[in-house]
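Undergrad: Structure file structure21.tsv, TSV, C-alpha atoms, is pasted below:
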chain	number	residue	atom	x	y	z
A	7	MET	CA	-12.49	-15.23	-1.20
A	8	GLY	CA	-10.67	-15.62	2.07
A	9	LEU	CA	-10.79	-18.11	4.84
A	10	LEU	CA	-13.04	-20.63	3.14
A	11	THR	CA	-12.26	-20.43	-0.56
A	12	GLY	CA	-9.85	-19.19	-3.16
A	13	ALA	CA	-6.80	-16.98	-2.89
A	14	ALA	CA	-6.53	-14.81	0.19
A	15	SER	CA	-4.73	-11.86	1.68
A	16	LEU	CA	-4.40	-11.52	5.42
A	17	THR	CA	-3.20	-9.34	8.27
A	18	ARG	CA	-2.06	-10.79	11.62
A	19	PHE	CA	-3.05	-9.41	15.01
A	20	ALA	CA	-2.22	-10.31	18.59
A	21	VAL	CA	-5.16	-10.17	20.99
A	22	GLU	CA	-4.45	-8.04	24.04
A	23	GLY	CA	-6.37	-8.76	27.23
A	24	ASP	CA	-7.93	-11.81	28.87
A	25	LEU	CA	-11.20	-13.61	28.30
A	26	PRO	CA	-13.43	-14.50	31.26
A	27	SER	CA	-13.15	-17.91	32.93
A	28	SER	CA	-15.89	-19.41	30.70
A	29	PRO	CA	-14.67	-18.07	27.37
A	30	TRP	CA	-17.05	-19.91	25.05
A	31	ASP	CA	-20.17	-18.77	26.96
A	32	PHE	CA	-18.90	-15.20	26.89
A	33	ILE	CA	-18.00	-15.42	23.18
A	34	ALA	CA	-21.43	-16.90	22.30
A	35	GLU	CA	-23.26	-14.16	24.17
A	36	GLN	CA	-21.17	-11.34	22.73
A	37	ILE	CA	-21.39	-12.59	19.15
A	38	LYS	CA	-25.16	-12.83	19.46
A	39	ARG	CA	-25.30	-9.29	20.86
A	40	HIS	CA	-23.16	-7.91	18.02
A	41	SER	CA	-24.48	-10.02	15.15
A	42	PHE	CA	-25.33	-8.28	11.90
A	43	ARG	CA	-28.74	-6.52	11.66
A	44	ASP	CA	-30.18	-6.27	8.16
A	45	ILE	CA	-31.10	-2.76	6.96
A	46	ASP	CA	-32.66	-3.66	3.60
A	47	ASP	CA	-36.16	-2.84	4.89
A	48	THR	CA	-35.22	0.13	7.04
A	49	LEU	CA	-34.01	3.67	6.38
A	50	ASP	CA	-30.72	3.13	8.24
A	51	GLU	CA	-27.61	4.16	6.36
A	52	TYR	CA	-25.16	1.77	7.93
A	53	SER	CA	-24.94	-1.55	9.72
A	54	VAL	CA	-21.97	-3.63	10.87
A	55	GLY	CA	-21.87	-6.96	12.71
A	56	TRP	CA	-20.93	-10.64	12.66
A	57	VAL	CA	-22.30	-13.35	10.35
A	58	SER	CA	-21.35	-16.96	9.64
A	59	VAL	CA	-18.32	-17.60	7.41
A	60	ALA	CA	-20.45	-20.00	5.39
A	61	ASN	CA	-23.31	-17.62	4.58
A	62	MET	CA	-23.48	-13.82	4.79
A	63	PHE	CA	-27.26	-14.02	5.43
A	64	ASP	CA	-26.79	-16.24	8.48
A	65	SER	CA	-26.45	-13.88	11.42
A	66	SER	CA	-27.93	-16.37	13.88
A	67	PHE	CA	-25.32	-19.02	13.00
A	68	ALA	CA	-28.04	-21.54	12.19
A	69	TYR	CA	-26.12	-23.18	9.34
A	70	ALA	CA	-22.55	-23.03	10.61
A	71	SER	CA	-21.11	-22.42	14.03
A	72	TYR	CA	-18.65	-19.66	14.84
A	73	ALA	CA	-16.57	-22.39	16.56
A	74	ALA	CA	-14.22	-24.67	14.62
A	75	GLY	CA	-12.07	-26.70	16.98
A	76	ASP	CA	-10.32	-24.20	19.25
A	77	TYR	CA	-10.86	-21.37	16.78
A	78	VAL	CA	-13.48	-18.69	16.51
A	79	VAL	CA	-14.33	-18.15	12.85
A	80	LEU	CA	-16.47	-15.18	11.89
A	81	THR	CA	-17.28	-12.92	9.01
A	82	LEU	CA	-17.50	-9.20	9.58
A	83	ARG	CA	-20.32	-7.85	7.41
A	84	VAL	CA	-20.86	-4.18	6.75
A	85	ASP	CA	-23.76	-2.79	4.72
A	86	GLU	CA	-23.70	0.86	3.73
A	87	ARG	CA	-25.95	3.05	1.63
A	88	ARG	CA	-23.95	5.39	-0.56
A	89	VAL	CA	-24.78	8.11	-3.08
A	90	SER	CA	-22.36	8.63	-5.94
A	91	PRO	CA	-21.10	12.26	-6.04
A	92	ALA	CA	-21.90	12.41	-9.78
A	93	VAL	CA	-25.52	11.33	-9.14
A	94	LEU	CA	-25.93	13.85	-6.32
A	95	LYS	CA	-24.48	16.62	-8.47
A	96	LYS	CA	-26.86	15.81	-11.34
A	97	PHE	CA	-29.97	15.85	-9.13
A	98	CYS	CA	-28.87	19.06	-7.37
A	99	GLN	CA	-28.35	20.88	-10.68
A	100	LYS	CA	-31.71	19.65	-11.94
A	101	GLU	CA	-33.49	20.84	-8.80
A	102	GLU	CA	-31.70	24.21	-8.79
A	103	GLU	CA	-32.72	24.80	-12.41
A	104	ARG	CA	-36.32	23.89	-11.60
A	105	ILE	CA	-36.50	26.34	-8.69
A	106	LYS	CA	-34.83	29.15	-10.67
A	107	ARG	CA	-37.34	28.71	-13.50
A	108	GLU	CA	-40.25	28.51	-11.10
A	109	GLN	CA	-39.26	31.62	-9.13
A	110	GLN	CA	-37.83	33.41	-12.19
A	111	ILE	CA	-34.58	34.30	-10.46
A	112	PRO	CA	-31.08	34.22	-12.03
A	113	ARG	CA	-29.33	32.44	-9.18
A	114	LEU	CA	-29.91	30.78	-5.82
A	115	ALA	CA	-28.41	31.84	-2.51
A	116	ARG	CA	-25.67	29.65	-1.04
A	117	SER	CA	-27.96	28.65	1.85
A	118	ALA	CA	-30.68	27.52	-0.59
A	119	ARG	CA	-28.15	25.43	-2.55
A	120	THR	CA	-26.92	23.85	0.68
A	121	GLU	CA	-30.47	23.01	1.73
A	122	ILE	CA	-31.17	21.40	-1.67
A	123	ARG	CA	-27.97	19.38	-1.48
A	124	GLU	CA	-28.71	18.09	2.03
A	125	ARG	CA	-32.33	17.26	1.22
A	126	LEU	CA	-31.50	15.43	-2.00
A	127	HIS	CA	-28.62	13.58	-0.39
A	128	ALA	CA	-30.99	12.25	2.29
A	129	GLU	CA	-33.63	11.31	-0.31
A	130	LEU	CA	-31.17	9.53	-2.60
A	131	LEU	CA	-29.59	7.75	0.35
A	132	ARG	CA	-32.96	6.31	1.35
A	133	LYS	CA	-33.55	5.06	-2.21
A	134	SER	CA	-30.14	3.44	-2.65
A	135	PRO	CA	-29.84	-0.23	-1.63
A	136	PRO	CA	-27.21	-1.00	1.03
A	137	ILE	CA	-23.92	-2.20	-0.47
A	138	PRO	CA	-22.55	-5.22	1.41
A	139	ALA	CA	-18.91	-6.09	2.11
A	140	THR	CA	-17.64	-9.10	4.04
A	141	TYR	CA	-14.29	-9.95	5.63
A	142	ASP	CA	-13.43	-13.27	7.31
A	143	LEU	CA	-11.44	-13.75	10.47
A	144	CYS	CA	-10.03	-16.67	12.41
A	145	TRP	CA	-9.15	-16.30	16.10
A	146	ASN	CA	-6.78	-18.85	17.61
A	147	LEU	CA	-7.86	-18.79	21.27
A	148	ALA	CA	-4.85	-20.76	22.50
A	149	ASP	CA	-2.25	-18.47	20.90
A	150	GLY	CA	-4.24	-15.23	21.09
A	151	VAL	CA	-3.71	-14.55	17.38
A	152	VAL	CA	-6.28	-13.29	14.88
A	153	LEU	CA	-5.87	-13.75	11.14
A	154	PHE	CA	-7.99	-11.17	9.35
A	155	PHE	CA	-8.57	-11.84	5.68
A	156	SER	CA	-8.11	-8.36	4.30
A	157	THR	CA	-5.32	-5.83	4.00
A	158	SER	CA	-7.63	-2.85	3.40
A	159	LYS	CA	-7.04	-0.05	5.92
A	160	LYS	CA	-10.76	0.69	6.08
A	161	ALA	CA	-11.61	-2.96	6.78
A	162	VAL	CA	-8.87	-3.23	9.41
A	163	ALA	CA	-10.21	-0.13	11.19
A	164	LEU	CA	-13.73	-1.63	11.15
A	165	LEU	CA	-12.40	-4.88	12.59
A	166	GLU	CA	-10.47	-3.19	15.39
A	167	ASP	CA	-13.56	-1.25	16.46
A	168	LEU	CA	-16.05	-4.13	16.22
A	169	PHE	CA	-13.71	-6.63	17.91
A	170	LYS	CA	-13.13	-4.24	20.80
A	171	GLU	CA	-16.83	-3.49	21.09
A	172	THR	CA	-17.77	-7.18	20.96
A	173	PHE	CA	-15.15	-8.82	23.17
A	174	GLY	CA	-13.63	-5.89	25.06
A	175	LEU	CA	-10.20	-6.92	23.74
A	176	ALA	CA	-7.74	-4.87	21.70
A	177	LEU	CA	-6.10	-6.11	18.49
A	178	ILE	CA	-2.43	-5.26	17.98
A	179	LEU	CA	-1.21	-5.33	14.38
A	180	GLN	CA	1.80	-7.63	14.18
A	181	ILE	CA	4.32	-5.41	12.43
A	182	PRO	CA	7.94	-6.63	12.12
A	183	TRP	CA	9.16	-4.61	15.11
A	184	LEU	CA	6.59	-6.11	17.48
A	185	VAL	CA	7.14	-9.63	16.12
A	186	GLY	CA	10.89	-9.10	16.60
A	187	GLN	CA	10.43	-8.10	20.25
A	188	ARG	CA	8.45	-11.29	20.80
A	189	VAL	CA	10.73	-13.78	19.00
A	190	ALA	CA	14.19	-12.44	19.95
A	191	THR	CA	16.09	-14.66	22.35
A	192	GLY	CA	19.29	-14.41	24.43
A	193	GLU	CA	21.75	-11.78	23.20
A	194	ALA	CA	19.35	-10.62	20.47
A	195	GLN	CA	16.64	-10.00	23.05
A	196	ARG	CA	18.98	-7.79	25.11
A	197	ASN	CA	20.09	-5.78	22.07
A	198	PHE	CA	16.80	-5.61	20.21
A	199	ASP	CA	15.40	-2.26	21.41
A	200	SER	CA	18.57	-0.39	20.43
A	201	LEU	CA	18.57	-1.62	16.80
A	202	GLN	CA	19.15	1.08	14.20
A	203	ALA	CA	18.84	0.90	10.42
A	204	ALA	CA	21.88	-0.70	8.78
A	205	VAL	CA	23.79	0.68	5.80
A	206	LEU	CA	23.64	-2.16	3.31
A	207	LEU	CA	26.09	-0.66	0.77
B	14	MET	CA	5.61	5.15	20.82
B	15	ASP	CA	2.25	4.47	19.17
B	16	LEU	CA	1.77	1.97	16.36
B	17	VAL	CA	1.75	4.52	13.52
B	18	ASP	CA	5.11	5.94	14.69
B	19	LEU	CA	6.51	2.43	15.11
B	20	ILE	CA	5.51	1.51	11.55
B	21	THR	CA	7.19	4.66	10.21
B	22	GLU	CA	10.34	4.65	12.34
B	23	LYS	CA	11.00	0.93	12.36
B	24	ARG	CA	10.04	0.03	8.80
B	25	PHE	CA	13.73	-0.60	8.09
B	26	LEU	CA	13.51	-3.89	9.99
B	27	GLY	CA	11.05	-5.52	7.57
B	28	GLN	CA	12.97	-4.19	4.57
B	29	GLU	CA	16.27	-5.50	5.94
B	30	PHE	CA	14.57	-8.84	6.57
B	31	LEU	CA	13.46	-9.14	2.93
B	32	THR	CA	16.97	-8.19	1.76
B	33	TRP	CA	18.57	-10.71	4.11
B	34	LEU	CA	16.07	-13.42	3.10
B	35	TRP	CA	16.85	-12.86	-0.58
B	36	TYR	CA	20.60	-12.93	0.05
B	37	LYS	CA	20.33	-16.01	2.25
B	38	SER	CA	18.16	-17.96	-0.19
B	39	GLU	CA	20.54	-17.22	-3.09
B	40	GLU	CA	23.57	-18.05	-0.96
B	41	HIS	CA	22.09	-21.45	-0.13
B	42	GLY	CA	20.61	-22.32	-3.53
B	43	GLY	CA	16.99	-21.50	-2.68
B	44	SER	CA	16.65	-22.98	0.78
B	45	ILE	CA	17.36	-21.86	4.32
B	46	TYR	CA	18.00	-24.17	7.25
B	47	LEU	CA	15.75	-23.46	10.22
B	48	PRO	CA	16.78	-25.02	13.54
B	49	GLY	CA	14.05	-27.39	14.67
B	50	ARG	CA	12.37	-27.40	11.28
B	51	GLY	CA	15.06	-28.27	8.74
B	52	ASP	CA	15.37	-26.88	5.21
B	53	VAL	CA	12.74	-24.39	4.09
B	54	LEU	CA	12.38	-23.56	0.41
B	55	VAL	CA	12.63	-19.80	-0.14
B	56	VAL	CA	12.45	-18.59	-3.72
B	57	PHE	CA	11.99	-14.98	-4.75
B	58	GLU	CA	9.63	-14.97	-7.71
B	59	LYS	CA	9.48	-12.40	-10.47
B	60	HIS	CA	7.84	-9.53	-8.65
B	61	MET	CA	9.31	-6.99	-6.27
B	62	LEU	CA	8.45	-3.50	-5.10
B	63	LEU	CA	11.42	-1.35	-4.11
B	64	GLU	CA	11.37	1.92	-2.21
B	65	TYR	CA	13.78	4.80	-2.19
B	66	GLY	CA	13.78	7.85	0.09
B	67	GLU	CA	11.90	8.74	3.23
B	68	GLY	CA	8.47	10.19	4.10
B	69	GLU	CA	6.89	12.33	1.36
B	70	GLU	CA	10.02	11.98	-0.77
B	71	ARG	CA	9.53	8.21	-0.94
B	72	GLU	CA	9.55	6.75	-4.45
B	73	LYS	CA	8.50	3.27	-5.50
B	74	VAL	CA	9.73	1.05	-8.32
B	75	ILE	CA	8.09	-2.21	-9.40
B	76	CYS	CA	10.27	-4.91	-10.96
B	77	ARG	CA	8.49	-7.83	-12.56
B	78	GLY	CA	8.40	-10.08	-15.61
B	79	LEU	CA	9.30	-13.66	-16.39
B	80	GLN	CA	12.66	-12.92	-17.98
B	81	THR	CA	14.03	-10.32	-15.57
B	82	GLU	CA	15.28	-12.77	-12.91
B	83	LEU	CA	15.02	-9.72	-10.70
B	84	LYS	CA	18.29	-8.34	-12.08
B	85	GLU	CA	16.85	-4.83	-12.06
B	86	ALA	CA	15.79	-5.26	-8.44
B	87	ARG	CA	19.26	-6.57	-7.49
B	88	ALA	CA	20.78	-3.53	-9.18
B	89	GLY	CA	18.26	-1.35	-7.33
B	90	LEU	CA	19.67	-2.52	-4.01
B	91	SER	CA	23.06	-1.13	-5.02
B	92	LEU	CA	21.35	2.26	-5.53
B	93	ALA	CA	20.11	2.21	-1.91
B	94	LYS	CA	16.60	1.11	-2.88
B	95	LYS	CA	14.98	-1.21	-0.36
B	96	PRO	CA	12.51	-4.04	-0.91
B	97	GLU	CA	9.05	-3.17	0.39
B	98	GLN	CA	7.15	-6.10	-1.16
B	99	ALA	CA	8.34	-9.40	-2.54
B	100	ARG	CA	6.62	-12.35	-4.14
B	101	LEU	CA	7.87	-15.53	-2.47
B	102	ARG	CA	7.55	-19.25	-2.92
B	103	LEU	CA	7.92	-20.93	0.45
B	104	GLY	CA	8.00	-24.67	0.97
B	105	TRP	CA	8.38	-27.04	3.86
B	106	GLY	CA	8.07	-30.80	3.50
B	107	ASP	CA	5.56	-31.39	0.71
B	108	GLN	CA	3.66	-28.15	1.35
B	109	GLU	CA	4.38	-25.22	-0.96
B	110	PHE	CA	2.94	-21.71	-0.72
B	111	GLY	CA	2.98	-18.55	-2.79
B	112	VAL	CA	2.73	-15.21	-0.99
B	113	THR	CA	3.49	-11.55	-1.48
B	114	LEU	CA	4.97	-10.29	1.77
B	115	THR	CA	5.05	-6.60	2.65
B	116	ALA	CA	7.91	-5.26	4.74
B	117	ALA	CA	6.34	-2.36	6.64
B	118	VAL	CA	3.45	-4.21	8.30
B	119	PHE	CA	3.98	-7.86	7.37
B	120	GLU	CA	0.85	-8.23	5.28
B	121	PHE	CA	0.42	-11.58	3.52
B	122	ARG	CA	-1.08	-10.84	0.11
B	123	ASN	CA	-2.34	-13.07	-2.69
B	124	ILE	CA	-1.68	-16.26	-0.77
B	125	ARG	CA	-1.60	-19.45	-2.81
B	126	LEU	CA	-2.13	-22.48	-0.58
B	127	PRO	CA	-1.00	-26.04	-1.39
B	128	LYS	CA	-3.60	-28.10	-3.23
B	129	THR	CA	-6.18	-29.71	-0.98
B	130	VAL	CA	-9.20	-31.91	-1.69
B	131	ASP	CA	-11.31	-30.46	-4.48
B	132	ARG	CA	-14.41	-28.77	-3.10
B	133	ALA	CA	-16.61	-30.77	-5.47
B	134	ASP	CA	-15.32	-33.99	-3.89
B	135	GLU	CA	-16.14	-32.84	-0.38
B	136	GLY	CA	-19.35	-33.72	1.40
B	137	GLU	CA	-22.00	-31.27	2.53
B	138	GLY	CA	-23.04	-30.40	6.06
B	139	PRO	CA	-21.54	-28.77	9.13
B	140	GLU	CA	-18.92	-31.49	9.81
B	141	HIS	CA	-17.48	-31.19	6.30
B	142	LEU	CA	-17.51	-27.42	6.52
B	143	GLU	CA	-15.65	-27.52	9.83
B	144	ALA	CA	-13.13	-30.00	8.40
B	145	ARG	CA	-12.51	-27.71	5.44
B	146	LEU	CA	-12.13	-24.68	7.70
B	147	LEU	CA	-9.66	-26.45	9.98
B	148	GLU	CA	-7.64	-27.69	7.03
B	149	ARG	CA	-7.34	-24.22	5.55
B	150	ILE	CA	-6.65	-22.60	8.92
B	151	ALA	CA	-3.81	-25.10	9.50
B	152	LEU	CA	-2.29	-24.15	6.13
B	153	PHE	CA	-2.60	-20.40	6.76
B	154	GLU	CA	-1.03	-20.86	10.19
B	155	LEU	CA	1.79	-22.97	8.73
B	156	LEU	CA	2.56	-20.24	6.22
B	157	CYS	CA	2.57	-17.57	8.98
B	158	SER	CA	4.77	-19.70	11.23
B	159	LEU	CA	7.28	-20.31	8.39
B	160	VAL	CA	7.60	-16.54	7.91
B	161	VAL	CA	7.83	-15.88	11.66
B	162	ASP	CA	10.46	-18.63	12.09
B	163	LEU	CA	12.54	-17.17	9.25
B	164	PHE	CA	12.14	-13.73	10.80
B	165	ALA	CA	13.20	-15.08	14.22
B	166	LEU	CA	16.36	-16.52	12.63
B	167	PHE	CA	17.05	-13.12	11.08
B	168	ILE	CA	16.49	-11.29	14.38
B	169	ASP	CA	18.81	-13.61	16.29
B	170	ILE	CA	21.55	-12.71	13.77
B	171	ARG	CA	20.60	-9.06	13.30
B	172	ALA	CA	20.71	-8.17	17.00
B	173	SER	CA	23.79	-10.22	17.86
B	174	GLN	CA	27.55	-10.25	17.30
B	175	GLN	CA	26.99	-12.31	14.14
B	176	TRP	CA	25.57	-9.28	12.32
B	177	PRO	CA	28.81	-7.53	11.17
B	178	GLN	CA	29.91	-10.70	9.35
B	179	GLU	CA	26.43	-11.20	7.87
B	180	LEU	CA	26.31	-7.55	6.80
B	181	ALA	CA	29.66	-7.92	5.03
B	182	GLY	CA	28.23	-10.88	3.11
B	183	ILE	CA	25.10	-8.90	2.14
B	184	ARG	CA	27.22	-5.95	0.95
B	185	THR	CA	29.36	-8.22	-1.24
B	186	TRP	CA	26.23	-9.86	-2.67
B	187	ILE	CA	24.66	-6.46	-3.47
B	188	ALA	CA	27.88	-5.28	-5.13
B	189	GLU	CA	27.96	-8.46	-7.25
B	190	GLY	CA	24.35	-7.84	-8.28
B	191	SER	CA	25.15	-4.38	-9.64
B	192	GLN	CA	28.03	-5.81	-11.73
B	193	HIS	CA	25.68	-8.26	-13.46
B	194	LEU	CA	24.02	-5.33	-15.19
B	195	ILE	CA	27.20	-3.92	-16.71
B	196	PRO	CA	27.19	-4.98	-20.41
Transcribe the structure of this file into structure tokens.

TA:
Amino acid sequence: MGLLTGAASLTRFAVEGDLPSSPWDFIAEQIKRHSFRDIDDTLDEYSVGWVSVANMFDSSFAYASYAAGDYVVLTLRVDERRVSPAVLKKFCQKEEERIKREQQIPRLARSARTEIRERLHAELLRKSPPIPATYDLCWNLADGVVLFFSTSKKAVALLEDLFKETFGLALILQIPWLVGQRVATGEAQRNFDSLQAAVLL
Amino acid sequence: MDLVDLITEKRFLGQEFLTWLWYKSEEHGGSIYLPGRGDVLVVFEKHMLLEYGEGEEREKVICRGLQTELKEARAGLSLAKKPEQARLRLGWGDQEFGVTLTAAVFEFRNIRLPKTVDRADEGEGPEHLEARLLERIALFELLCSLVVDLFALFIDIRASQQWPQELAGIRTWIAEGSQHLIP
């Protein structure tokens, strides 16, 4: 769901900063450098990077380009291993009971419980498959506007960080006040910054 | 002022825009004339989120349902509640969109695009994919530009000498809305 198919939700950003004189060469190089790295066969907990909008497994853009006309179209993919708190709690209790029985002691010290929790968290994390999430974006190079196909705060924060890291450019969320500053003309432009909330009753 | 402060302190602007848009579309029978573009269809559909209060005291009320005609939401305006989200039908030429617009940060949610060629009837391969992408991007951009153009019209009134007269019209319209609820 998003740029390519179905219903969509989106957030608009203005791109702050300038691209180098050969923008497409720079974009190609930076996307390659920050493309998604699979962690299915590793012990890494987290991976974030760019893939093709057509296929989340295509991080080399073999099946579809990141360029469509004058637009850059990308999918941000993030894979993350997570352990459910309920699962961790169950395994911790089980392990604590086992140790108490084995050592014939009524209770464990706080430090021992912490050590068990940390050890089991690491073990369970390694066993859990990475959970993928994908978010599309479309960057209009001529207007310097990015449409990001999510309204989730977590996804927006991921985008802002990865975009900055990849292209060295900041994304500015286009809230009404900033749009107003940009579109106001003549008298409205002169008065805009002093606007106060109106009483509508 | 950083962005978080701007969103908090200036959220009134988006809420006033939604109120003005609703008033304007009802005043003109569901369309608004945009200089350089002509008539734009603006219809408030049966879903609205209203807010009341500030900061941690903020309360939210959802008004929806096929038979409500947003009467409850209109009455809410007369109780100083402000629209934070509205479901809109926007049309220009033969293109018609559905979108839920949020006032604080201008998010476009649950966008319904005009019908395009069925995916099953499209060809395969990179050229067809690019054509589909460009078609959808053009529609998303048209929707965004319709909203920005409407907002620009609002701003040129809101920050000019035309505002007191417009505000008087909005106040009368809100007062009329509250009277509709009196049995």

Undergrad: Once you add 4 Å to each side, what are the centre and edge lengths of the axis-aligned box holding all listed atoms of region 174-192 of chain B? One decimal in Å, as lines of an AutoDock Vina configuration file, if you can.

TA:
center_x = 27.1
center_y = -8.3
center_z = 2.8
size_x = 13.6
size_y = 15.9
size_z = 37.0

Undergrad: Per residue of chain B within 8 Å of chain A, what are the shortest atom pair and its distance in Å to one decimal, counting all atoms listed in the file, with rows by chain and residue number, as CSV?

TA:
residue,atom,partner,partner_atom,distance
B:Leu19,CA,A:Trp183,CA,7.5
B:Ile20,CA,A:Ile181,CA,7.1
B:Lys23,CA,A:Trp183,CA,6.5
B:Arg24,CA,A:Pro182,CA,7.7
B:Phe25,CA,A:Ala203,CA,5.8
B:Leu26,CA,A:Pro182,CA,6.6
B:Gly27,CA,A:Pro182,CA,5.6
B:Glu29,CA,A:Ala204,CA,7.9
B:Ser91,CA,A:Leu207,CA,6.6
B:Ala93,CA,A:Leu207,CA,7.2
B:Ala116,CA,A:Pro182,CA,7.5
B:Ala117,CA,A:Ile181,CA,6.8
B:Val118,CA,A:Ile181,CA,4.4
B:Phe119,CA,A:Ile181,CA,5.6
B:Glu120,CA,A:Thr17,CA,5.2
B:Phe121,CA,A:Leu16,CA,5.2
B:Arg122,CA,A:Ser15,CA,4.1
B:Asn123,CA,A:Ser15,CA,5.1
B:Ile124,CA,A:Ala14,CA,5.2
B:Arg125,CA,A:Ala13,CA,5.8
B:Leu126,CA,A:Ala13,CA,7.6
B:Pro139,CA,A:Ala70,CA,6.0
B:Leu142,CA,A:Ala70,CA,7.8
B:Glu143,CA,A:Ala74,CA,5.8
B:Arg145,CA,A:Leu10,CA,7.5
B:Leu146,CA,A:Leu10,CA,6.2
B:Leu147,CA,A:Ala74,CA,6.7
B:Arg149,CA,A:Leu9,CA,7.1
B:Ile150,CA,A:Leu9,CA,7.3
B:Val161,CA,A:Val185,CA,7.7
B:Phe164,CA,A:Gly186,CA,7.5
B:Ala165,CA,A:Val189,CA,5.5
B:Ile168,CA,A:Ala190,CA,6.1
B:Asp169,CA,A:Ala194,CA,5.2
B:Ile170,CA,A:Ala194,CA,7.4
B:Arg171,CA,A:Ala194,CA,7.4
B:Ala172,CA,A:Ala194,CA,4.5
B:Ser173,CA,A:Ala194,CA,5.2
B:Leu180,CA,A:Leu206,CA,7.0
B:Ile183,CA,A:Leu206,CA,7.0
B:Arg184,CA,A:Leu207,CA,5.4
B:Ile187,CA,A:Leu207,CA,7.3
B:Ala188,CA,A:Leu207,CA,7.7

Undergrad: For a cut-off of 10 Å around (-23.9, -5.1, 17.5), file coordinates, pick out all residues using only C-alpha atoms and list them as a ChimeraX atom specification.

TA: /A:36-43,53-56,168,171-172

Undergrad: Hey, can you check how far CA of Lys160 (chain A) sits from CA of Leu177 (chain A)?

TA: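 Result for CA of Lys160 (chain A) versus CA of Leu177 (chain A): 14.9 Å, one decimal.
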
Undergrad: Can you tell me how far CA of His141 (chain B) sits from CA of Ala68 (chain A), in Å to one decimal?

TA: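 Atom-to-atom, CA of His141 (chain B) to CA of Ala68 (chain A), that is 15.5 Å.
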
Undergrad: Please indicate the distance in Å from CA of Glu121 (chain A) to CA of Ile105 (chain A), rounded to one decimal place.

TA: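 Distance between the two atoms: 12.5 Å.
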
Undergrad: List the spatial neighbours of Leu130 (chain A) as JSON, numbers by chain - criterion: any atom at most 10 Å away, all atoms listed in the file, same-chain residues fewer than 3 positions off excluded.

TA: {"A": [87, 88, 89, 90, 93, 94, 97, 125, 126, 127, 133, 134, 135]}

Undergrad: Excluding Tyr36 (chain B) and its own-chain neighbours fewer than 2 positions away, which residues fall within 12 Å of it when counting all atoms listed in the file? Please give them as a CSV table (one decimal) with C-alpha atoms, keeping the file's coordinate frame.

TA:
chain,number,residue,atom,x,y,z
A,206,LEU,CA,23.6,-2.2,3.3
B,29,GLU,CA,16.3,-5.5,5.9
B,30,PHE,CA,14.6,-8.8,6.6
B,31,LEU,CA,13.5,-9.1,2.9
B,32,THR,CA,17.0,-8.2,1.8
B,33,TRP,CA,18.6,-10.7,4.1
B,34,LEU,CA,16.1,-13.4,3.1
B,38,SER,CA,18.2,-18.0,-0.2
B,39,GLU,CA,20.5,-17.2,-3.1
B,40,GLU,CA,23.6,-18.0,-1.0
B,41,HIS,CA,22.1,-21.4,-0.1
B,42,GLY,CA,20.6,-22.3,-3.5
B,43,GLY,CA,17.0,-21.5,-2.7
B,44,SER,CA,16.6,-23.0,0.8
B,45,ILE,CA,17.4,-21.9,4.3
B,55,VAL,CA,12.6,-19.8,-0.1
B,56,VAL,CA,12.4,-18.6,-3.7
B,57,PHE,CA,12.0,-15.0,-4.8
B,87,ARG,CA,19.3,-6.6,-7.5
B,90,LEU,CA,19.7,-2.5,-4.0
B,167,PHE,CA,17.0,-13.1,11.1
B,179,GLU,CA,26.4,-11.2,7.9
B,180,LEU,CA,26.3,-7.6,6.8
B,181,ALA,CA,29.7,-7.9,5.0
B,182,GLY,CA,28.2,-10.9,3.1
B,183,ILE,CA,25.1,-8.9,2.1
B,184,ARG,CA,27.2,-6.0,1.0
B,185,THR,CA,29.4,-8.2,-1.2
B,186,TRP,CA,26.2,-9.9,-2.7
B,187,ILE,CA,24.7,-6.5,-3.5
B,188,ALA,CA,27.9,-5.3,-5.1
B,189,GLU,CA,28.0,-8.5,-7.2
B,190,GLY,CA,24.4,-7.8,-8.3

Undergrad: Identify which of the residues B:Leu114, B:Leu156, B:Leu166, B:Leu92 lies closest to Glu58 (chain B), counting all atoms listed in the file when measuring atom-to-atom distances.

TA: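 Comparing B:Leu114, B:Leu156, B:Leu166, B:Leu92 against Glu58 (chain B), the winner is B:Leu114.
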